[in-house]
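The structure file entry17.txt is reproduced below (compact mmCIF, C-alpha atoms).
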# COMPACT_ATOMS: atom_id res chain seq x y z
CA MET A 384 42.55 -138.13 -85.07
CA ASP A 385 41.14 -138.68 -88.57
CA TYR A 386 43.14 -136.04 -90.44
CA PHE A 387 41.53 -136.44 -93.84
CA ALA A 388 38.06 -136.08 -92.33
CA LEU A 389 39.22 -132.96 -90.52
CA ILE A 390 40.84 -131.47 -93.64
CA SER A 391 37.83 -132.28 -95.77
CA SER A 392 35.39 -130.80 -93.24
CA PHE A 393 37.40 -127.58 -92.94
CA PHE A 394 37.48 -127.03 -96.70
CA TYR A 395 33.82 -127.99 -97.11
CA ILE A 396 33.02 -125.21 -94.63
CA ALA A 397 35.29 -122.82 -96.54
CA ALA A 398 33.62 -123.81 -99.82
CA GLY A 399 30.18 -123.28 -98.28
CA ALA A 400 31.21 -119.81 -97.09
CA ALA A 401 32.48 -119.00 -100.59
CA ALA A 402 29.19 -120.20 -102.08
CA VAL A 403 27.20 -117.96 -99.70
CA ARG A 404 29.39 -115.01 -100.63
CA GLN A 405 28.87 -115.72 -104.33
CA LEU A 406 25.08 -115.71 -103.84
CA PHE A 407 25.17 -112.04 -102.91
CA SER A 408 27.89 -111.04 -105.35
CA PRO A 409 26.90 -108.78 -108.28
CA ASN A 410 29.28 -110.81 -110.45
CA LYS A 411 27.46 -114.00 -111.45
CA SER A 412 30.59 -115.70 -112.80
CA GLN A 413 32.41 -117.72 -110.17
CA PRO A 414 36.07 -116.71 -109.60
CA VAL A 415 38.56 -119.52 -110.15
CA TRP A 416 39.95 -119.18 -106.62
CA GLN A 417 36.59 -120.22 -105.17
CA LEU A 418 37.06 -123.66 -106.71
CA ILE A 419 40.19 -124.30 -104.62
CA PRO A 420 38.43 -125.11 -101.29
CA ILE A 421 35.92 -127.52 -102.83
CA THR A 422 38.64 -129.20 -104.90
CA ILE A 423 40.68 -129.86 -101.76
CA ALA A 424 37.55 -130.95 -99.85
CA LEU A 425 36.51 -133.45 -102.52
CA SER A 426 40.07 -134.75 -102.94
CA SER A 427 40.58 -135.36 -99.22
CA HIS A 428 37.06 -136.83 -99.00
CA ALA A 429 37.96 -139.29 -101.78
CA VAL A 430 41.13 -140.31 -99.93
CA TRP A 431 39.12 -140.80 -96.73
CA LEU A 432 36.63 -143.01 -98.56
CA TYR A 433 39.43 -145.11 -100.02
CA GLN A 434 41.09 -145.55 -96.63
CA HIS A 435 37.91 -146.47 -94.78
CA ILE A 436 36.00 -148.52 -97.36
CA ILE A 437 38.64 -150.35 -99.40
CA LEU A 438 40.20 -152.99 -97.15
CA VAL A 439 42.84 -155.65 -97.80
CA ASP A 440 40.15 -158.30 -97.40
CA GLY A 441 36.76 -156.90 -98.37
CA GLN A 442 34.99 -153.56 -98.15
CA ASN A 443 33.76 -151.78 -95.03
CA LEU A 444 30.24 -150.55 -95.82
CA PRO A 445 28.32 -149.65 -92.67
CA MET A 446 25.50 -147.14 -93.09
CA LEU A 447 27.53 -144.03 -92.25
CA ASN A 448 30.32 -145.00 -94.67
CA VAL A 449 27.73 -145.52 -97.40
CA LEU A 450 26.14 -142.19 -96.51
CA SER A 451 29.55 -140.53 -96.71
CA LEU A 452 29.99 -142.00 -100.19
CA VAL A 453 26.57 -140.64 -101.14
CA THR A 454 27.38 -137.16 -99.80
CA PHE A 455 30.62 -137.23 -101.80
CA ILE A 456 28.72 -138.00 -105.01
CA ILE A 457 26.07 -135.36 -104.26
CA SER A 458 28.70 -132.73 -103.40
CA ALA A 459 30.68 -133.45 -106.57
CA LEU A 460 27.62 -133.47 -108.86
CA SER A 461 26.13 -130.36 -107.22
CA THR A 462 29.43 -128.51 -107.64
CA PHE A 463 29.76 -129.47 -111.31
CA ALA A 464 26.10 -128.59 -111.99
CA SER A 465 26.13 -125.29 -110.12
CA LYS A 466 27.84 -123.36 -112.91
CA ARG A 467 25.33 -124.40 -115.58
CA LEU A 468 22.22 -124.47 -113.39
CA ASN A 469 23.12 -121.64 -111.01
CA THR A 470 22.23 -123.80 -108.00
CA GLY A 471 24.75 -122.15 -105.70
CA VAL A 472 22.04 -121.62 -103.11
CA LEU A 473 22.02 -125.40 -102.53
CA LEU A 474 25.77 -125.79 -102.13
CA PRO A 475 26.01 -124.52 -98.51
CA VAL A 476 23.28 -127.01 -97.54
CA VAL A 477 24.99 -129.91 -99.32
CA TYR A 478 28.42 -129.10 -97.90
CA ALA A 479 27.04 -128.61 -94.38
CA PHE A 480 25.31 -132.01 -94.46
CA THR A 481 28.58 -133.60 -95.61
CA VAL A 482 30.40 -132.08 -92.62
CA ILE A 483 27.65 -133.35 -90.28
CA ASN A 484 28.06 -136.81 -91.76
CA PHE A 485 31.82 -136.67 -91.13
CA ALA A 486 31.17 -135.78 -87.49
CA ALA A 487 28.79 -138.72 -87.15
CA VAL A 488 31.05 -141.25 -88.85
CA VAL A 489 34.05 -140.21 -86.72
CA TYR A 490 32.21 -140.35 -83.38
CA LEU A 491 29.97 -143.31 -84.22
CA PRO A 492 32.35 -145.75 -85.93
CA SER A 493 30.95 -149.08 -87.07
CA HIS A 494 31.92 -151.95 -89.36
CA PHE A 495 30.04 -153.97 -91.94
CA ILE A 496 32.48 -156.03 -93.99
CA THR A 497 31.40 -157.31 -97.39
CA HIS A 498 33.26 -158.93 -100.28
CA LEU A 499 32.13 -157.41 -103.56
CA GLU A 500 35.21 -158.73 -105.38
CA THR A 501 33.70 -162.22 -105.20
CA HIS A 502 30.33 -160.99 -106.56
CA PRO A 503 31.08 -158.13 -109.03
CA GLN A 504 27.52 -158.27 -110.34
CA VAL A 505 26.28 -157.21 -106.89
CA GLY A 506 28.76 -154.34 -107.09
CA SER A 507 27.01 -153.10 -110.23
CA HIS A 508 23.71 -153.17 -108.35
CA ILE A 509 25.20 -151.09 -105.52
CA ILE A 510 26.73 -148.58 -107.95
CA PHE A 511 23.39 -148.07 -109.69
CA ALA A 512 21.68 -147.70 -106.31
CA LEU A 513 24.14 -145.08 -105.03
CA LEU A 514 24.00 -143.06 -108.25
CA ALA A 515 20.19 -143.22 -108.37
CA TYR A 516 19.85 -142.07 -104.78
CA SER A 517 22.37 -139.26 -105.25
CA ILE A 518 20.73 -137.94 -108.44
CA LEU A 519 17.22 -138.12 -106.96
CA SER A 520 18.42 -136.43 -103.76
CA ILE A 521 19.70 -133.54 -105.85
CA ALA A 522 16.31 -133.50 -107.60
CA SER A 523 14.58 -133.13 -104.23
CA LEU A 524 16.88 -130.21 -103.35
CA LEU A 525 16.07 -128.58 -106.69
CA ALA A 526 12.37 -129.12 -105.93
CA ILE A 527 12.75 -127.30 -102.61
CA GLN A 528 14.54 -124.42 -104.32
CA LEU A 529 11.82 -124.33 -106.99
CA ALA A 530 9.13 -124.20 -104.30
CA TYR A 531 10.92 -121.32 -102.56
CA ILE A 532 11.21 -119.21 -105.72
CA ASP A 533 7.62 -120.00 -106.72
CA TYR A 534 6.38 -119.00 -103.25
CA ARG A 535 8.11 -115.64 -103.36
CA LEU A 536 6.83 -114.86 -106.84
CA LYS A 537 3.22 -115.86 -106.14
CA ASN A 538 3.07 -114.04 -102.80
CA HIS A 539 4.71 -110.87 -104.13
CA LYS A 540 7.52 -111.02 -101.62
CA SER A 541 10.53 -108.78 -101.85
CA PRO A 542 12.45 -109.40 -105.09
CA LEU A 543 15.35 -111.83 -105.23
CA THR A 544 17.58 -109.48 -107.17
CA GLN A 545 20.15 -109.48 -104.36
CA ILE A 546 20.59 -113.24 -104.65
CA ASN A 547 21.83 -115.03 -107.74
CA MET A 548 18.92 -117.34 -108.55
CA PRO A 549 18.27 -119.32 -111.73
CA PRO A 550 15.19 -118.54 -113.85
CA LEU A 551 12.12 -120.49 -112.76
CA MET A 552 11.69 -122.30 -116.07
CA THR A 553 15.37 -123.27 -116.21
CA LEU A 554 15.20 -124.69 -112.71
CA GLU A 555 12.01 -126.62 -113.47
CA LYS A 556 13.53 -128.08 -116.64
CA SER A 557 16.63 -129.15 -114.69
CA LEU A 558 14.43 -130.74 -112.01
CA PHE A 559 12.75 -133.04 -114.52
CA GLN A 560 16.08 -133.84 -116.18
CA PHE A 561 17.46 -135.01 -112.84
CA ILE A 562 14.29 -136.98 -112.08
CA PHE A 563 14.48 -138.66 -115.49
CA ILE A 564 18.15 -139.62 -115.09
CA GLY A 565 17.55 -140.79 -111.52
CA PHE A 566 14.53 -142.82 -112.65
CA ILE A 567 16.61 -144.60 -115.30
CA LEU A 568 19.30 -145.40 -112.72
CA LEU A 569 16.65 -146.55 -110.22
CA THR A 570 15.21 -148.83 -112.91
CA CYS A 571 18.68 -150.30 -113.45
CA THR A 572 18.97 -150.75 -109.67
CA LEU A 573 15.77 -152.79 -109.55
CA LEU A 574 16.65 -154.83 -112.64
CA THR A 575 20.11 -155.74 -111.34
CA GLY A 576 18.55 -156.52 -107.96
CA PHE A 577 16.00 -158.90 -109.47
CA ILE A 578 18.66 -160.56 -111.61
CA PHE A 579 21.62 -160.79 -109.23
CA LEU A 580 20.15 -160.84 -105.71
CA GLU A 581 18.61 -164.15 -104.77
CA ASP A 582 17.42 -162.93 -101.36
CA MET A 583 15.96 -159.59 -102.47
CA PHE A 584 12.60 -160.43 -100.88
CA ALA A 585 13.98 -162.50 -97.99
CA GLN A 586 12.82 -161.82 -94.44
CA GLY A 587 14.52 -158.70 -93.11
CA LYS A 588 15.29 -157.39 -96.61
CA ALA A 589 11.91 -157.36 -98.31
CA HIS A 590 11.04 -153.88 -97.03
CA LYS A 591 13.99 -152.43 -98.97
CA ALA A 592 12.69 -153.85 -102.24
CA VAL A 593 9.10 -152.82 -101.45
CA PHE A 594 9.99 -149.22 -100.58
CA THR A 595 12.25 -148.98 -103.63
CA LEU A 596 9.43 -150.21 -105.85
CA ILE A 597 7.06 -147.67 -104.29
CA ALA A 598 9.61 -144.90 -104.96
CA TRP A 599 10.00 -146.14 -108.55
CA VAL A 600 6.22 -145.93 -109.06
CA ILE A 601 6.16 -142.41 -107.57
CA TYR A 602 8.85 -141.15 -109.93
CA ALA A 603 7.21 -142.94 -112.88
CA VAL A 604 3.94 -141.15 -112.08
CA ILE A 605 5.75 -137.79 -111.86
CA LEU A 606 7.34 -138.23 -115.27
CA TRP A 607 4.12 -139.55 -116.82
CA GLY A 608 2.11 -136.67 -115.38
CA HIS A 609 4.61 -134.06 -116.51
CA TYR A 610 5.09 -135.25 -120.07
CA THR A 611 1.46 -136.25 -120.76
CA LYS A 612 -0.61 -134.01 -118.49
CA GLY A 613 1.72 -131.06 -118.06
CA TRP A 614 2.09 -131.43 -114.28
CA ARG A 615 4.29 -128.79 -112.70
CA GLY A 616 4.53 -126.46 -109.70
CA ARG A 617 3.91 -127.30 -106.07
CA PHE A 618 2.18 -130.62 -106.75
CA VAL A 619 5.29 -131.98 -108.47
CA VAL A 620 7.49 -130.57 -105.70
CA TYR A 621 5.51 -132.39 -103.01
CA ILE A 622 5.51 -135.71 -104.87
CA THR A 623 9.25 -135.42 -105.56
CA ILE A 624 9.99 -134.92 -101.86
CA VAL A 625 7.72 -137.86 -100.97
CA GLY A 626 9.58 -140.06 -103.47
CA SER A 627 12.94 -139.04 -102.02
CA SER A 628 11.70 -139.75 -98.48
CA VAL A 629 10.45 -143.22 -99.45
CA LEU A 630 13.76 -143.98 -101.16
CA THR A 631 15.64 -142.86 -98.04
CA LEU A 632 13.57 -145.28 -95.95
CA ALA A 633 14.38 -148.03 -98.43
CA TYR A 634 18.11 -147.39 -98.40
CA PHE A 635 18.80 -146.36 -94.82
CA GLY A 636 15.71 -146.94 -92.65
CA SER A 637 16.41 -150.37 -91.19
CA ARG A 638 20.19 -149.85 -91.13
CA PHE A 639 19.75 -146.63 -89.15
CA VAL A 640 17.75 -148.46 -86.51
CA ARG A 641 20.10 -151.46 -86.41
CA GLU A 642 23.49 -149.69 -86.65
CA ILE A 643 22.83 -146.38 -84.86
CA ILE A 644 19.87 -146.61 -82.48
CA LEU A 645 20.20 -150.21 -81.28
CA THR A 646 24.01 -150.14 -81.24

So, in terms of structure tokens, how does the structure I just supplied come out?
Amino acid sequence: MDYFALISSFFYIAAGAAAVRQLFSPNKSQPVWQLIPITIALSSHAVWLYQHIILVDGQNLPMLNVLSLVTFIISALSTFASKRLNTGVLLPVVYAFTVINFAAVVYLPSHFITHLETHPQVGSHIIFALLAYSILSIASLLAIQLAYIDYRLKNHKSPLTQINMPPLMTLEKSLFQFIFIGFILLTCTLLTGFIFLEDMFAQGKAHKAVFTLIAWVIYAVILWGHYTKGWRGRFVVYITIVGSSVLTLAYFGSRFVREIILT
């Protein structure tokens, strides 16, 4: 029994329930007690990551462990950003996906041992990659929320007064801030890859670099279009989701086939 995974999953569920309750609460300020479940969930998640990734001789980084690290970063950043951006509607989705990942990693254990201590420069490349993917994943979630609010406003649906939602302009501004930060981190990912990885375009790995470059171009076009042509609305939402999908293929596509389907 993986106790830290169980504890973390339980409190992620509790935190998600608290977030749903807060959505329909007339009081927009979040009570302090609602931070207790997510604090315990993130703490136990961090302990789990340390136990399962940091080994005496190397690091265990199969796809599901990496995905668990990504969900930890996304959960932590989404929680910290929720108070300023009022993105509580996304928290139940983020926490639920983290719990699903825990279920997968417990019942589909795998091992991929690497030795980053001997190549710290490669470690910097991986850190940039994880942060870029996490930030841009949050951007795609913000884009979905933006599309939902925009749809209800344009189609004169019932008002959203019963749900605590951020103003449309605030959400759109936050979306482009996340895309910009993620784009900078993705640029650093590519630069460190070109500098430190000798086999970046080797057979079996080239598709990762190609898909990452395609995603970089997509996000560059989004930022260029927004700041020079005033792009916004559904068009930006669709492109943002496409960019996130391409980046997911780059990071996890081949590893999902090799480590999950074939195994």

Given all atoms listed in the file, how would the per-residue table for stretch 473-586 of chain A near stretch 389-403 of chain A read, listing every residue at most 10 Å away with its closest atom pair and distance in Å to one decimal, sorted by chain and number, as JSON lines?
{"residue": "A:Leu473", "atom": "CA", "partner": "A:Ala402", "partner_atom": "CA", "distance": 8.9}
{"residue": "A:Leu474", "atom": "CA", "partner": "A:Gly399", "partner_atom": "CA", "distance": 6.4}
{"residue": "A:Pro475", "atom": "CA", "partner": "A:Gly399", "partner_atom": "CA", "distance": 4.4}
{"residue": "A:Val476", "atom": "CA", "partner": "A:Gly399", "partner_atom": "CA", "distance": 7.9}
{"residue": "A:Val477", "atom": "CA", "partner": "A:Gly399", "partner_atom": "CA", "distance": 8.5}
{"residue": "A:Tyr478", "atom": "CA", "partner": "A:Tyr395", "partner_atom": "CA", "distance": 5.6}
{"residue": "A:Ala479", "atom": "CA", "partner": "A:Ile396", "partner_atom": "CA", "distance": 6.9}
{"residue": "A:Phe480", "atom": "CA", "partner": "A:Tyr395", "partner_atom": "CA", "distance": 9.8}
{"residue": "A:Thr481", "atom": "CA", "partner": "A:Ser392", "partner_atom": "CA", "distance": 7.7}
{"residue": "A:Val482", "atom": "CA", "partner": "A:Ser392", "partner_atom": "CA", "distance": 5.2}
{"residue": "A:Ile483", "atom": "CA", "partner": "A:Ser392", "partner_atom": "CA", "distance": 8.7}
{"residue": "A:Asn484", "atom": "CA", "partner": "A:Ser392", "partner_atom": "CA", "distance": 9.6}
{"residue": "A:Phe485", "atom": "CA", "partner": "A:Ser392", "partner_atom": "CA", "distance": 7.2}
{"residue": "A:Ala486", "atom": "CA", "partner": "A:Ser392", "partner_atom": "CA", "distance": 8.7}
{"residue": "A:Val489", "atom": "CA", "partner": "A:Leu389", "partner_atom": "CA", "distance": 9.7}
{"residue": "A:Ile546", "atom": "CA", "partner": "A:Val403", "partner_atom": "CA", "distance": 9.5}

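The space separating atom CA of A:Lys612 from atom CA of A:Leu519 comes to 21.6 Å.
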
Need to verify the contact set: A:Thr623, 12 Å, all atoms listed in the file, exclusion of same-chain residues closer than 3 positions in sequence. Can you return it as a compact mmCIF listing (two decimals) with C-alpha atoms, in the frame of the given file?
# COMPACT_ATOMS: atom_id res chain seq x y z
CA LEU A 519 17.22 -138.12 -106.96
CA SER A 520 18.42 -136.43 -103.76
CA ILE A 521 19.70 -133.54 -105.85
CA ALA A 522 16.31 -133.50 -107.60
CA SER A 523 14.58 -133.13 -104.23
CA LEU A 524 16.88 -130.21 -103.35
CA LEU A 525 16.07 -128.58 -106.69
CA ALA A 526 12.37 -129.12 -105.93
CA ILE A 527 12.75 -127.30 -102.61
CA LEU A 529 11.82 -124.33 -106.99
CA ALA A 530 9.13 -124.20 -104.30
CA LEU A 558 14.43 -130.74 -112.01
CA PHE A 559 12.75 -133.04 -114.52
CA PHE A 561 17.46 -135.01 -112.84
CA ILE A 562 14.29 -136.98 -112.08
CA PHE A 563 14.48 -138.66 -115.49
CA GLY A 565 17.55 -140.79 -111.52
CA PHE A 566 14.53 -142.82 -112.65
CA ALA A 598 9.61 -144.90 -104.96
CA TRP A 599 10.00 -146.14 -108.55
CA VAL A 600 6.22 -145.93 -109.06
CA ILE A 601 6.16 -142.41 -107.57
CA TYR A 602 8.85 -141.15 -109.93
CA ALA A 603 7.21 -142.94 -112.88
CA VAL A 604 3.94 -141.15 -112.08
CA ILE A 605 5.75 -137.79 -111.86
CA LEU A 606 7.34 -138.23 -115.27
CA HIS A 609 4.61 -134.06 -116.51
CA TRP A 614 2.09 -131.43 -114.28
CA ARG A 615 4.29 -128.79 -112.70
CA GLY A 616 4.53 -126.46 -109.70
CA ARG A 617 3.91 -127.30 -106.07
CA PHE A 618 2.18 -130.62 -106.75
CA VAL A 619 5.29 -131.98 -108.47
CA VAL A 620 7.49 -130.57 -105.70
CA GLY A 626 9.58 -140.06 -103.47
CA SER A 627 12.94 -139.04 -102.02
CA SER A 628 11.70 -139.75 -98.48
CA VAL A 629 10.45 -143.22 -99.45
CA LEU A 630 13.76 -143.98 -101.16

* **Within 12 Å of file point (35.9, -124.7, -110.5), counting all atoms listed in the file, expressed as number ranges by chain** => A: 398, 401-402, 412-423, 425, 459, 461-467

* **Interatomic distance (Å, one decimal) between atom CA of A:Tyr490 and atom CA of A:Ala388** => 11.5 Å

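Using all atoms listed in the file, every residue with an atom at most 7 Å from the point (13.6, -149.6, -95.1) is listed here: His590, Lys591, Phe594, Leu632, Ala633, Tyr634, Phe635, Gly636 and Ser637 of chain A.
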